[in-house]
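What follows is the content of coords-v2.csv (CSV, C-alpha atoms and all ligand atoms).
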```
chain,number,residue,atom,x,y,z
I,1,MET,CA,-15.1,20.8,-9.6
I,2,LYS,CA,-18.3,20.6,-7.6
I,3,ILE,CA,-19.1,17.2,-6.0
I,4,LEU,CA,-22.5,16.2,-4.6
I,5,SER,CA,-21.8,13.3,-2.3
I,6,ILE,CA,-24.0,10.7,-0.6
I,7,GLU,CA,-23.2,8.5,2.4
I,8,THR,CA,-25.5,5.7,3.7
I,9,SER,CA,-23.1,2.9,4.8
I,10,CYS,CA,-24.3,2.7,8.4
I,11,ASP,CA,-26.7,4.7,10.6
I,12,GLU,CA,-26.1,8.2,9.3
I,13,THR,CA,-27.9,9.5,6.2
I,14,ALA,CA,-25.6,12.2,4.8
I,15,MET,CA,-25.2,14.5,1.8
I,16,ALA,CA,-22.7,17.1,1.1
I,17,LEU,CA,-21.7,19.6,-1.6
I,18,VAL,CA,-18.0,20.1,-1.9
I,19,GLU,CA,-15.8,22.2,-4.2
I,20,ALA,CA,-12.6,20.4,-5.0
I,21,SER,CA,-9.5,21.7,-6.8
I,22,GLY,CA,-5.8,21.1,-7.1
I,23,GLY,CA,-3.8,18.0,-8.1
I,24,VAL,CA,-2.9,14.8,-6.4
I,25,LYS,CA,-0.1,16.5,-4.5
I,26,ASP,CA,-2.2,19.4,-3.3
I,27,PRO,CA,-5.9,18.7,-3.4
I,28,LYS,CA,-8.1,21.4,-1.7
I,29,PHE,CA,-11.6,21.1,-0.5
I,30,LYS,CA,-14.2,23.7,0.4
I,31,VAL,CA,-17.3,22.2,2.1
I,32,LEU,CA,-20.3,24.2,0.9
I,33,GLN,CA,-23.0,22.0,2.4
I,34,ASN,CA,-22.7,19.2,4.9
I,35,VAL,CA,-26.0,17.6,6.1
I,36,VAL,CA,-26.0,14.6,8.5
I,37,SER,CA,-29.2,13.0,9.7
I,38,SER,CA,-28.5,10.6,12.5
I,39,GLN,CA,-30.6,7.6,13.2
I,40,VAL,CA,-28.9,7.0,16.5
I,41,ALA,CA,-32.0,7.4,18.6
I,42,LEU,CA,-33.9,4.7,16.6
I,43,HIS,CA,-31.1,2.1,16.9
I,44,ALA,CA,-30.2,2.9,20.6
I,45,PRO,CA,-32.9,0.6,22.1
I,46,PHE,CA,-31.2,-2.3,20.2
I,47,GLY,CA,-27.7,-1.4,21.5
I,48,GLY,CA,-26.4,-1.3,17.9
I,49,VAL,CA,-27.4,-0.7,14.3
I,50,VAL,CA,-30.2,-2.8,12.8
I,51,PRO,CA,-29.6,-3.1,9.1
I,52,ASN,CA,-33.2,-3.1,8.0
I,53,ILE,CA,-34.2,-0.1,10.1
I,54,ALA,CA,-31.1,1.7,8.7
I,55,LYS,CA,-32.3,0.9,5.2
I,56,ARG,CA,-35.9,2.1,5.8
I,57,GLU,CA,-34.6,5.3,7.4
I,58,HIS,CA,-32.2,6.1,4.6
I,59,LEU,CA,-35.0,5.7,2.0
I,60,LYS,CA,-37.1,8.1,4.0
I,61,ASN,CA,-34.3,10.6,4.7
I,62,LEU,CA,-32.5,10.9,1.4
I,63,PRO,CA,-35.2,13.0,-0.5
I,64,VAL,CA,-35.6,15.2,2.6
I,65,ILE,CA,-31.9,15.8,2.9
I,66,LEU,CA,-31.6,16.5,-0.9
I,67,ASP,CA,-34.4,19.2,-0.4
I,68,GLU,CA,-32.4,20.6,2.5
I,69,VAL,CA,-29.3,20.9,0.4
I,70,ARG,CA,-31.2,22.4,-2.5
I,71,SER,CA,-32.9,25.0,-0.4
I,72,SER,CA,-29.7,26.2,1.2
I,73,THR,CA,-27.7,26.3,-2.0
I,74,PRO,CA,-27.7,29.4,-4.2
I,75,ARG,CA,-30.0,29.0,-7.3
I,76,GLY,CA,-28.3,27.3,-10.1
I,77,GLU,CA,-25.3,26.0,-8.1
I,78,LEU,CA,-26.5,22.4,-8.2
I,79,ASN,CA,-26.6,22.7,-12.0
I,80,SER,CA,-22.8,23.1,-12.0
I,81,VAL,CA,-22.3,19.8,-10.1
I,82,GLY,CA,-19.7,17.8,-12.2
I,83,VAL,CA,-19.6,14.6,-10.0
I,84,ILE,CA,-22.1,12.6,-8.0
I,85,ALA,CA,-20.2,10.5,-5.5
I,86,VAL,CA,-21.6,7.7,-3.4
I,87,THR,CA,-20.2,5.3,-0.8
I,88,VAL,CA,-20.0,1.8,-2.2
I,89,GLY,CA,-18.4,0.2,0.9
I,90,PRO,CA,-17.5,-1.0,3.4
I,91,GLY,CA,-20.7,-1.0,5.4
I,92,LEU,CA,-24.1,-2.7,5.8
I,93,GLU,CA,-25.2,-4.0,2.4
I,94,PRO,CA,-28.9,-3.0,2.5
I,95,ALA,CA,-27.9,0.5,3.8
I,96,LEU,CA,-25.2,0.9,1.0
I,97,TRP,CA,-27.7,0.0,-1.7
I,98,THR,CA,-30.1,2.7,-0.7
I,99,GLY,CA,-27.5,5.4,-1.3
I,100,ILE,CA,-26.3,3.8,-4.5
I,101,GLU,CA,-29.8,3.5,-6.0
I,102,PHE,CA,-30.5,7.1,-5.0
I,103,ALA,CA,-27.3,8.3,-6.6
I,104,LYS,CA,-28.1,6.4,-9.8
I,105,GLN,CA,-31.5,8.1,-10.0
I,106,LEU,CA,-30.0,11.5,-9.4
I,107,TYR,CA,-27.3,10.9,-11.9
I,108,ALA,CA,-29.9,10.0,-14.6
I,109,LYS,CA,-31.8,13.2,-13.8
I,110,PHE,CA,-28.8,15.6,-13.7
I,111,LYS,CA,-27.2,14.0,-16.8
I,112,ILE,CA,-30.0,15.4,-19.0
I,113,ARG,CA,-28.6,18.9,-18.3
I,114,ASN,CA,-24.9,18.0,-18.1
I,115,SER,CA,-23.7,15.3,-20.4
I,116,LYS,CA,-20.2,15.4,-18.8
I,117,LEU,CA,-21.6,14.4,-15.4
I,118,LYS,CA,-19.7,11.5,-13.7
I,119,LEU,CA,-21.0,9.0,-11.1
I,120,VAL,CA,-18.2,7.9,-8.8
I,121,GLY,CA,-18.3,5.1,-6.2
I,122,ALA,CA,-16.1,5.9,-3.2
I,123,ASN,CA,-14.5,3.9,-0.3
I,124,HIS,CA,-15.8,5.0,3.1
I,125,MET,CA,-12.5,4.3,4.7
I,126,GLU,CA,-10.6,6.5,2.2
I,127,GLY,CA,-13.1,9.1,3.1
I,128,HIS,CA,-12.2,8.9,6.8
I,129,LEU,CA,-8.5,8.9,5.9
I,130,TYR,CA,-8.8,12.1,3.9
I,131,SER,CA,-11.2,13.9,6.2
I,132,PHE,CA,-8.4,15.9,7.8
I,133,LEU,CA,-8.2,17.8,4.5
I,134,LEU,CA,-11.7,19.1,4.9
I,135,GLU,CA,-12.6,22.5,6.3
I,136,GLN,CA,-15.9,24.3,6.3
I,137,LYS,CA,-16.4,27.1,3.8
I,138,THR,CA,-12.7,27.8,3.2
I,139,ALA,CA,-10.1,25.6,1.5
I,140,ASN,CA,-7.8,24.0,4.1
I,141,PRO,CA,-4.5,25.6,4.9
I,142,LYS,CA,-3.5,22.3,6.3
I,143,SER,CA,-2.9,21.1,2.7
I,144,GLN,CA,0.8,21.7,3.5
I,145,ILE,CA,0.7,18.0,4.5
I,146,LEU,CA,1.1,17.4,0.8
I,147,ASN,CA,4.6,18.7,1.0
I,148,PRO,CA,6.5,15.5,0.3
I,149,LYS,CA,8.8,16.3,3.3
I,150,LEU,CA,5.9,15.3,5.5
I,151,TYR,CA,6.0,11.7,4.3
I,152,PRO,CA,6.3,8.9,5.2
I,153,ALA,CA,3.3,9.3,7.4
I,154,ILE,CA,1.7,6.9,9.8
I,155,GLY,CA,-2.1,6.7,9.4
I,156,LEU,CA,-4.3,5.5,12.3
I,157,VAL,CA,-7.9,4.8,11.1
I,158,VAL,CA,-10.2,4.0,14.0
I,159,SER,CA,-13.9,3.6,13.7
I,160,GLY,CA,-16.8,1.4,14.7
I,161,GLY,CA,-15.9,-1.3,12.2
I,162,HIS,CA,-12.1,-0.8,11.7
I,163,THR,CA,-8.8,-0.3,13.4
I,164,ILE,CA,-6.0,0.1,10.8
I,165,LEU,CA,-2.4,1.3,11.0
I,166,LEU,CA,-1.0,2.5,7.7
I,167,LEU,CA,2.5,3.4,6.4
I,168,MET,CA,1.8,6.2,3.9
I,169,LYS,CA,4.5,7.0,1.2
I,170,SER,CA,2.3,9.8,0.0
I,171,LEU,CA,-1.4,10.8,0.2
I,172,THR,CA,-2.3,8.0,-2.3
I,173,GLU,CA,0.2,5.2,-1.7
I,174,TRP,CA,0.2,3.2,1.5
I,175,LYS,CA,0.9,-0.2,3.0
I,176,LYS,CA,-1.2,-1.7,5.7
I,177,LEU,CA,1.0,-2.3,8.7
I,178,GLY,CA,-1.6,-3.9,11.0
I,179,GLU,CA,-5.3,-4.1,11.9
I,180,THR,CA,-7.5,-5.5,14.6
I,181,ARG,CA,-7.8,-9.3,14.9
I,182,ASP,CA,-11.2,-9.1,16.5
I,183,ASP,CA,-13.2,-6.1,17.7
I,184,ALA,CA,-12.6,-2.7,16.2
I,185,VAL,CA,-11.8,-0.1,18.9
I,186,GLY,CA,-15.0,1.8,18.4
I,187,GLU,CA,-16.9,-1.5,18.8
I,188,ALA,CA,-15.1,-2.1,22.1
I,189,PHE,CA,-16.2,1.4,23.3
I,190,ASP,CA,-19.8,0.6,22.3
I,191,LYS,CA,-19.8,-2.8,24.0
I,192,VAL,CA,-18.2,-1.6,27.3
I,193,ALA,CA,-20.7,1.3,27.3
I,194,ARG,CA,-23.5,-1.3,27.2
I,195,MET,CA,-22.0,-3.2,30.1
I,196,LEU,CA,-22.0,0.0,32.1
I,197,GLY,CA,-25.6,0.7,31.2
I,198,LEU,CA,-24.7,3.6,28.9
I,199,PRO,CA,-26.6,4.2,25.6
I,200,TYR,CA,-25.4,3.6,22.0
I,201,PRO,CA,-23.1,4.9,20.5
I,202,GLY,CA,-20.9,4.2,23.5
I,203,GLY,CA,-17.7,6.2,22.5
I,204,PRO,CA,-18.9,9.7,23.5
I,205,GLU,CA,-20.7,8.2,26.6
I,206,ILE,CA,-17.6,6.5,27.8
I,207,GLN,CA,-15.6,9.7,27.3
I,208,LYS,CA,-18.2,11.6,29.4
I,209,ALA,CA,-18.2,9.0,32.2
I,210,ALA,CA,-14.4,8.8,32.1
I,211,ALA,CA,-14.1,12.5,32.8
I,212,GLN,CA,-15.3,11.8,36.3
I,213,GLY,CA,-13.3,8.6,36.9
I,214,ASP,CA,-9.8,7.6,37.8
I,215,PRO,CA,-7.9,6.2,34.8
I,216,GLU,CA,-5.5,4.4,37.2
I,217,ALA,CA,-8.2,2.8,39.3
I,218,VAL,CA,-8.2,-0.5,37.4
I,219,ASN,CA,-5.2,-1.9,35.6
I,220,PHE,CA,-6.9,-3.4,32.6
I,221,PRO,CA,-4.7,-5.4,30.1
I,222,ARG,CA,-3.1,-3.6,27.1
I,223,PRO,CA,-3.6,-6.3,24.5
I,224,MET,CA,-0.7,-7.0,22.1
I,225,LEU,CA,1.2,-4.0,23.4
I,226,HIS,CA,4.3,-6.1,24.0
I,227,ASP,CA,4.0,-8.3,21.0
I,228,ASN,CA,7.1,-7.4,19.1
I,229,SER,CA,6.9,-10.4,16.7
I,230,PRO,CA,6.8,-9.5,13.0
I,231,ALA,CA,3.3,-11.1,12.8
I,232,GLY,CA,1.8,-9.1,15.8
I,233,GLU,CA,3.9,-6.0,16.0
I,234,TYR,CA,1.3,-3.7,14.5
I,235,ASP,CA,-1.9,-5.7,14.9
I,236,PHE,CA,-4.5,-4.9,17.6
I,237,SER,CA,-6.9,-6.9,19.6
I,238,PHE,CA,-9.7,-5.4,21.7
I,239,SER,CA,-11.8,-8.4,22.5
I,240,GLY,CA,-9.7,-9.4,25.5
I,241,LEU,CA,-9.8,-5.9,27.0
I,242,LYS,CA,-13.6,-5.9,26.6
I,243,THR,CA,-13.9,-9.4,28.3
I,244,SER,CA,-11.7,-8.3,31.2
I,245,VAL,CA,-14.1,-5.3,31.8
I,246,LEU,CA,-16.9,-7.8,31.7
I,247,TYR,CA,-15.3,-10.1,34.3
I,248,TYR,CA,-14.3,-7.1,36.5
I,249,LEU,CA,-17.9,-5.9,36.6
I,250,ARG,CA,-19.3,-9.4,37.1
I,251,ASP,CA,-17.1,-9.9,40.2
I,252,ARG,CA,-18.3,-6.6,41.7
I,253,ALA,CA,-22.1,-7.0,41.3
I,254,MET,CA,-22.7,-6.1,45.0
I,255,GLU,CA,-20.5,-3.0,44.9
I,256,LEU,CA,-22.1,-1.8,41.7
I,257,ASN,CA,-25.5,-1.9,43.4
I,258,SER,CA,-24.2,0.0,46.4
I,259,GLN,CA,-23.6,3.7,47.0
I,260,ARG,CA,-20.2,3.3,45.5
I,261,GLY,CA,-21.6,1.9,42.2
I,262,VAL,CA,-21.7,5.2,40.3
I,263,GLN,CA,-18.1,6.1,41.0
I,264,LEU,CA,-17.0,2.6,40.3
I,265,ARG,CA,-18.6,2.8,36.8
I,266,TYR,CA,-16.8,6.1,36.2
I,267,ASP,CA,-13.5,4.5,37.2
I,268,VAL,CA,-14.1,1.5,34.9
I,269,ALA,CA,-14.9,3.8,32.0
I,270,ALA,CA,-11.7,5.9,32.6
I,271,SER,CA,-9.5,2.9,33.1
I,272,PHE,CA,-10.9,1.1,30.0
I,273,GLN,CA,-10.5,4.3,27.9
I,274,LYS,CA,-6.9,4.7,29.1
I,275,ALA,CA,-6.0,1.1,28.3
I,276,ALA,CA,-7.4,1.4,24.7
I,277,VAL,CA,-5.7,4.7,24.1
I,278,ASP,CA,-2.4,3.5,25.5
I,279,VAL,CA,-2.4,0.6,23.0
I,280,LEU,CA,-3.3,2.8,20.0
I,281,VAL,CA,-0.7,5.5,20.8
I,282,ALA,CA,2.1,3.0,21.6
I,283,LYS,CA,1.7,1.1,18.3
I,284,THR,CA,1.3,4.3,16.3
I,285,MET,CA,4.5,5.8,17.8
I,286,ARG,CA,6.4,2.5,17.5
I,287,ALA,CA,5.6,2.6,13.8
I,288,ALA,CA,6.5,6.2,13.5
I,289,ARG,CA,9.9,5.4,15.0
I,290,GLU,CA,10.6,2.4,12.9
I,291,PHE,CA,9.7,4.1,9.6
I,292,ASP,CA,11.1,7.5,10.5
I,293,ALA,CA,7.7,9.1,9.9
I,294,ARG,CA,7.4,12.8,9.4
I,295,SER,CA,3.8,13.0,10.4
I,296,VAL,CA,0.9,11.1,12.0
I,297,ILE,CA,-2.7,11.2,10.6
I,298,LEU,CA,-5.6,10.2,12.8
I,299,ALA,CA,-9.0,9.4,11.3
I,300,GLY,CA,-12.4,7.8,11.9
I,301,GLY,CA,-15.1,8.1,14.5
I,302,VAL,CA,-12.9,7.3,17.4
I,303,ALA,CA,-10.6,10.2,16.4
I,304,ALA,CA,-13.3,12.3,18.2
I,305,ASN,CA,-12.0,10.9,21.4
I,306,GLN,CA,-10.4,13.7,23.3
I,307,LEU,CA,-7.8,11.6,25.2
I,308,LEU,CA,-6.6,9.9,22.0
I,309,ARG,CA,-6.4,13.2,20.1
I,310,GLU,CA,-4.6,15.1,22.9
I,311,THR,CA,-2.2,12.2,23.7
I,312,LEU,CA,-1.2,11.8,20.1
I,313,HIS,CA,-1.0,15.5,19.5
I,314,ASP,CA,1.3,16.0,22.5
I,315,ILE,CA,3.5,13.1,21.9
I,316,VAL,CA,3.9,13.8,18.1
I,317,GLY,CA,4.4,17.5,18.9
I,318,ASN,CA,7.3,16.6,21.2
I,319,THR,CA,9.0,14.4,18.7
I,320,GLU,CA,11.5,15.7,16.2
I,321,VAL,CA,13.0,14.1,13.2
I,322,ASN,CA,16.6,15.0,12.6
I,323,SER,CA,18.2,15.6,9.2
I,324,HIS,CA,18.9,11.9,8.8
I,325,GLY,CA,15.2,11.1,9.3
I,326,ARG,CA,15.8,9.6,12.8
I,327,ILE,CA,13.2,10.4,15.4
I,328,ARG,CA,14.1,11.6,18.8
I,329,VAL,CA,12.4,13.4,21.6
I,330,ALA,CA,12.6,17.2,21.4
I,331,GLY,CA,15.1,19.0,23.5
I,332,ALA,CA,18.0,16.7,23.0
I,333,ARG,CA,21.3,17.9,21.4
I,334,GLY,CA,21.5,19.0,17.8
I,335,ARG,CA,18.2,20.7,18.0
I,336,ARG,CA,18.7,23.2,15.2
I,337,ARG,CA,18.9,20.6,12.5
I,338,ALA,CA,15.8,18.8,13.7
I,339,ILE,CA,12.4,19.1,12.0
I,340,ARG,CA,9.2,18.7,14.1
I,341,MET,CA,6.8,15.9,13.3
I,342,HIS,CA,3.3,16.9,12.4
I,343,PHE,CA,0.0,15.7,13.7
I,344,PHE,CA,-3.2,15.8,11.6
I,345,ALA,CA,-6.7,15.0,12.7
I,346,PRO,CA,-10.1,16.1,11.2
I,347,SER,CA,-12.0,19.0,12.6
I,348,MET,CA,-14.6,17.7,15.1
I,349,GLU,CA,-17.5,17.8,12.6
I,350,PHE,CA,-15.7,15.5,10.2
I,351,ASN,CA,-14.6,12.7,12.5
I,352,THR,CA,-17.7,10.6,12.5
I,353,ASP,CA,-19.6,9.6,9.4
I,354,ASN,CA,-20.4,12.4,6.9
I,355,ALA,CA,-20.7,12.8,3.2
I,356,ALA,CA,-18.1,15.6,2.8
I,357,MET,CA,-15.3,13.0,3.3
I,358,ILE,CA,-16.9,10.9,0.6
I,359,ALA,CA,-16.5,13.8,-1.9
I,360,ALA,CA,-12.8,14.0,-0.9
I,361,ALA,CA,-12.3,10.3,-1.5
I,362,ALA,CA,-14.1,10.5,-4.8
I,363,TYR,CA,-12.0,13.5,-6.0
I,364,ILE,CA,-8.7,11.9,-5.1
I,365,GLN,CA,-9.9,8.7,-6.8
I,366,ILE,CA,-10.6,10.8,-10.0
I,367,LEU,CA,-7.2,12.3,-9.8
I,368,LYS,CA,-5.7,8.8,-9.6
I,369,LYS,CA,-7.9,7.8,-12.6
I,370,LYS,CA,-9.3,4.8,-10.6
I,371,ASN,CA,-12.8,3.5,-11.2
I,372,ARG,CA,-14.8,1.5,-8.7
I,373,ARG,CA,-17.9,-0.7,-9.4
I,374,ILE,CA,-21.1,1.2,-8.5
I,375,ALA,CA,-22.4,-1.7,-6.4
I,376,ALA,CA,-22.4,-2.4,-2.7
I,377,GLN,CA,-19.1,-3.9,-1.5
I,378,ALA,CA,-19.7,-4.6,2.2
I,379,ASN,CA,-16.2,-5.8,2.9
I,380,LEU,CA,-14.2,-3.2,1.0
I,381,THR,CA,-11.0,-2.2,2.9
I,382,LEU,CA,-8.1,0.2,2.6
W,401,LIG,O1,-16.5,6.4,11.8
W,401,LIG,P1,-17.8,6.2,12.5
W,401,LIG,O2,-18.7,7.4,12.7
W,401,LIG,O3,-18.6,5.0,11.9
W,401,LIG,C1,-18.0,3.9,11.4
W,401,LIG,O4,-17.5,4.0,10.2
W,401,LIG,O5,-17.9,2.9,12.1
W,401,LIG,O6,-17.3,5.7,14.0
W,401,LIG,C2,-18.3,5.4,14.9
W,401,LIG,C3,-17.6,4.8,16.1
W,401,LIG,C4,-18.5,4.3,17.2
W,401,LIG,O7,-18.1,3.1,17.6
W,401,LIG,C5,-18.4,5.3,18.3
W,401,LIG,O8,-18.7,4.8,19.6
W,401,LIG,C6,-17.0,5.9,18.1
W,401,LIG,O9,-16.8,5.9,16.8
W,401,LIG,N1,-16.9,7.2,18.7
W,401,LIG,C7,-16.0,7.4,19.8
W,401,LIG,C8,-16.2,8.8,20.1
W,401,LIG,N2,-17.1,9.3,19.3
W,401,LIG,C9,-17.5,8.3,18.4
W,401,LIG,N3,-15.2,6.6,20.5
W,401,LIG,C10,-14.5,7.1,21.5
W,401,LIG,N4,-14.6,8.4,21.9
W,401,LIG,C11,-15.4,9.2,21.3
W,401,LIG,N5,-15.5,10.5,21.7
W,402,ZN,ZN,-17.2,5.6,9.3
```

Mind turning the file's structure into structure tokens?
Ligand code: KG4
Ligand code: ZN
Amino acid sequence: MKILSIETSCDETAMALVEASGGVKDPKFKVLQNVVSSQVALHAPFGGVVPNIAKREHLKNLPVILDEVRSSTPRGELNSVGVIAVTVGPGLEPALWTGIEFAKQLYAKFKIRNSKLKLVGANHMEGHLYSFLLEQKTANPKSQILNPKLYPAIGLVVSGGHTILLLMKSLTEWKKLGETRDDAVGEAFDKVARMLGLPYPGGPEIQKAAAQGDPEAVNFPRPMLHDNSPAGEYDFSFSGLKTSVLYYLRDRAMELNSQRGVQLRYDVAASFQKAAVDVLVAKTMRAAREFDARSVILAGGVAANQLLRETLHDIVGNTEVNSHGRIRVAGARGRRRAIRMHFFAPSMEFNTDNAAMIAAAAYIQILKKKNRRIAAQANLTL
């Protein structure tokens, strides 16, 4: 099945052409086209995304991107599209509507040639969650994740708007274990970057600055790390961490303007990044232990963060589940009966917003026979 997908929930206008096959236990995706047009430079002066600018730019970009997809697709291939998929939420309402209206028009046009054509509304967060299944050009060998032995899995979905921890019984069944009570982790990266005078989006900038700083320089708080109460065990909070960076910088105005200022900013970036990653990793692994997880799936824009990816990759890779499903650290006795835990994260090109992941979410939704309203749903969640 060929899916033409559209994503306009925030500040990227994106379109993709994806070939999907397989059933709900082994869906496979081949990304034929993946075009992302970023508006980052336009929103940067405002320090965040301005909904009406996003809307205006999506309206301008969508026909241009469609032409780009058309011109790089072999003749006739678009005629065999069976599904048009579009993000219906969560996201900025005016931005979502531009994609939805464009998808409806395209559907009406394509439907004349193909009476079986479907229009499917997809959840942006499901797109992030399934983005580890996407590979460019070839179907993903990683689909071994669908082996039921790899569940339960813990899903950590971290973006500019969400921080969610999931317990997944299968690829399509999950329970939310926790989420942020205030700022999303990506939002905290963006706000701290702003305090340090770095441009939007802040995540990649903090990562760059942190590479030259000392992560142990400042001992920022690790919010809710030691909250073991049933109500707070798997929830996150990043607003306190952000505020303590603010106070730390406010108390050092003189030093920041001195020669040492540059290094101090690097140290703050590195220490903030370390504190945020420590909390995400600790809560994910706590859940993995409690629920005897066989794998960990990382998703969302913040999954591009190298420290987060590498720390989780190493810690999951050094963890084994024995034949009774109990987790222990590799190397202990009884090794032969132990199964290694698996770690999955999207390829770098599919971490941040893109439309290929929307095609994946739409396909899995079709397999589940679930319909969504084709209307903007700004607060849709997982
Ligand atoms: O998933 P995404 O592209 O958009 C939303 O759905 O929100 O995520 C964007 C977020 C931004 O907050 C951005 O700063 C963050 O992901 N981000 C990163 C990195 N790359 C992007 N955060 C930390 N480290 C990165 N390398
Ligand atoms: Zn996103």

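Pocket residues of ligand ZN 402 (chain W), taken as those with any atom at most 6 Å away using all atoms listed in the file, are Ser159, Gly300, Thr352 and Asp353 of chain I.
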
Open item on the list: Hey, which residues sit close to ligand LIG 401 (chain W)? Say within 7 Å, counting only C-alpha atoms and all ligand atoms, and write them as a PyMOL selection string.
Closed with: chain I and resi 159-162+186-187+189-190+201-204+206-207+300-306+351-353

Take the selection from the previous step and output its residues with C-alpha atoms, as a tab-separated table (two decimals), in the frame of the given file.
```
chain	number	residue	atom	x	y	z
I	159	SER	CA	-13.90	3.60	13.70
I	160	GLY	CA	-16.80	1.40	14.70
I	161	GLY	CA	-15.90	-1.30	12.20
I	162	HIS	CA	-12.10	-0.80	11.70
I	186	GLY	CA	-15.00	1.80	18.40
I	187	GLU	CA	-16.90	-1.50	18.80
I	189	PHE	CA	-16.20	1.40	23.30
I	190	ASP	CA	-19.80	0.60	22.30
I	201	PRO	CA	-23.10	4.90	20.50
I	202	GLY	CA	-20.90	4.20	23.50
I	203	GLY	CA	-17.70	6.20	22.50
I	204	PRO	CA	-18.90	9.70	23.50
I	206	ILE	CA	-17.60	6.50	27.80
I	207	GLN	CA	-15.60	9.70	27.30
I	300	GLY	CA	-12.40	7.80	11.90
I	301	GLY	CA	-15.10	8.10	14.50
I	302	VAL	CA	-12.90	7.30	17.40
I	303	ALA	CA	-10.60	10.20	16.40
I	304	ALA	CA	-13.30	12.30	18.20
I	305	ASN	CA	-12.00	10.90	21.40
I	306	GLN	CA	-10.40	13.70	23.30
I	351	ASN	CA	-14.60	12.70	12.50
I	352	THR	CA	-17.70	10.60	12.50
I	353	ASP	CA	-19.60	9.60	9.40
```

Open item on the list: Could you tell me how far atom CA of Ser38 of chain I sits from atom CA of Met195 of chain I, in Å to one decimal place?
Closed with: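 Between atom CA of Met195 of chain I and atom CA of Ser38 of chain I the gap is 23.3 Å.
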
Task: Cut-off 7 Å around (-23.6, 19.1, -12.6) with all atoms listed in the file: residues as number ranges by chain - done: I: 78-83, 110, 114, 117

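Between atom CA of Ala85 of chain I and atom CA of Leu66 of chain I the interatomic distance comes to 13.7 Å.
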
- [ ] Between I:Val277, I:Leu241, I:Ile297, I:Lys25, single out the one closest to Gly155 of chain I, counting only C-alpha atoms.
- [x]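 Smallest separation from Gly155 of chain I among the options: I:Ile297.
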
Extract, using all atoms listed in the file, all DNA, RNA and protein residues at most 10 Å from segment 175-183 of chain I, discarding same-chain residues fewer than 5 positions from it, and format them as a PDB file with C-alpha atoms, in the frame of the given file.
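The resulting selection.pdb:
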```
ATOM      1  CA  ILE I 154       1.700   6.900   9.800  1.00  0.00           C
ATOM      2  CA  GLY I 155      -2.100   6.700   9.400  1.00  0.00           C
ATOM      3  CA  LEU I 156      -4.300   5.500  12.300  1.00  0.00           C
ATOM      4  CA  VAL I 157      -7.900   4.800  11.100  1.00  0.00           C
ATOM      5  CA  VAL I 158     -10.200   4.000  14.000  1.00  0.00           C
ATOM      6  CA  GLY I 160     -16.800   1.400  14.700  1.00  0.00           C
ATOM      7  CA  GLY I 161     -15.900  -1.300  12.200  1.00  0.00           C
ATOM      8  CA  HIS I 162     -12.100  -0.800  11.700  1.00  0.00           C
ATOM      9  CA  THR I 163      -8.800  -0.300  13.400  1.00  0.00           C
ATOM     10  CA  ILE I 164      -6.000   0.100  10.800  1.00  0.00           C
ATOM     11  CA  LEU I 165      -2.400   1.300  11.000  1.00  0.00           C
ATOM     12  CA  LEU I 166      -1.000   2.500   7.700  1.00  0.00           C
ATOM     13  CA  LEU I 167       2.500   3.400   6.400  1.00  0.00           C
ATOM     14  CA  MET I 168       1.800   6.200   3.900  1.00  0.00           C
ATOM     15  CA  LYS I 169       4.500   7.000   1.200  1.00  0.00           C
ATOM     16  CA  ALA I 188     -15.100  -2.100  22.100  1.00  0.00           C
ATOM     17  CA  PHE I 189     -16.200   1.400  23.300  1.00  0.00           C
ATOM     18  CA  LYS I 191     -19.800  -2.800  24.000  1.00  0.00           C
ATOM     19  CA  ALA I 231       3.300 -11.100  12.800  1.00  0.00           C
ATOM     20  CA  GLY I 232       1.800  -9.100  15.800  1.00  0.00           C
ATOM     21  CA  GLU I 233       3.900  -6.000  16.000  1.00  0.00           C
ATOM     22  CA  TYR I 234       1.300  -3.700  14.500  1.00  0.00           C
ATOM     23  CA  ASP I 235      -1.900  -5.700  14.900  1.00  0.00           C
ATOM     24  CA  PHE I 236      -4.500  -4.900  17.600  1.00  0.00           C
ATOM     25  CA  SER I 237      -6.900  -6.900  19.600  1.00  0.00           C
ATOM     26  CA  PHE I 238      -9.700  -5.400  21.700  1.00  0.00           C
ATOM     27  CA  SER I 239     -11.800  -8.400  22.500  1.00  0.00           C
ATOM     28  CA  GLY I 240      -9.700  -9.400  25.500  1.00  0.00           C
ATOM     29  CA  LEU I 241      -9.800  -5.900  27.000  1.00  0.00           C
ATOM     30  CA  LYS I 242     -13.600  -5.900  26.600  1.00  0.00           C
ATOM     31  CA  LYS I 283       1.700   1.100  18.300  1.00  0.00           C
ATOM     32  CA  ALA I 287       5.600   2.600  13.800  1.00  0.00           C
ATOM     33  CA  LEU I 382      -8.100   0.200   2.600  1.00  0.00           C
TER      34      LEU I 382
END
```

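With all atoms listed in the file as the atoms that count, the minimum distance from Leu150 of chain I to the choices I:Thr98, I:Lys118, I:Leu171, I:Asn354 is reached by I:Leu171.
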
Task: Straight-line distance linking atom CA of Val120 of chain I with atom CA of Asn371 of chain I, stated in Å to one decimal - done: 7.4 Å

- [ ] For Ile6 of chain I, list every protein, DNA or RNA residue within 7 Å, evaluated using only C-alpha atoms, and leave out those in the same chain fewer than 2 positions away; present the list as a ChimeraX atom specification.
- [x] /I:4,8,14-16,85-87,99,355

- [ ] Write out as number ranges by chain which residues come within 12 Å of Phe344 of chain I when counting all atoms listed in the file, dropping same-chain ones fewer than 2 positions away.
- [x] I: 129-134, 141-146, 150, 153-157, 294-299, 303, 309-310, 312-314, 316-317, 341-342, 346-347, 351

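Proximity to Pro199 of chain I at 8 Å, evaluated using only C-alpha atoms and with sequence-adjacent residues fewer than 3 positions away removed, yields Ala44, Gly47, Ala193, Arg194, Gly202 and Glu205 of chain I.
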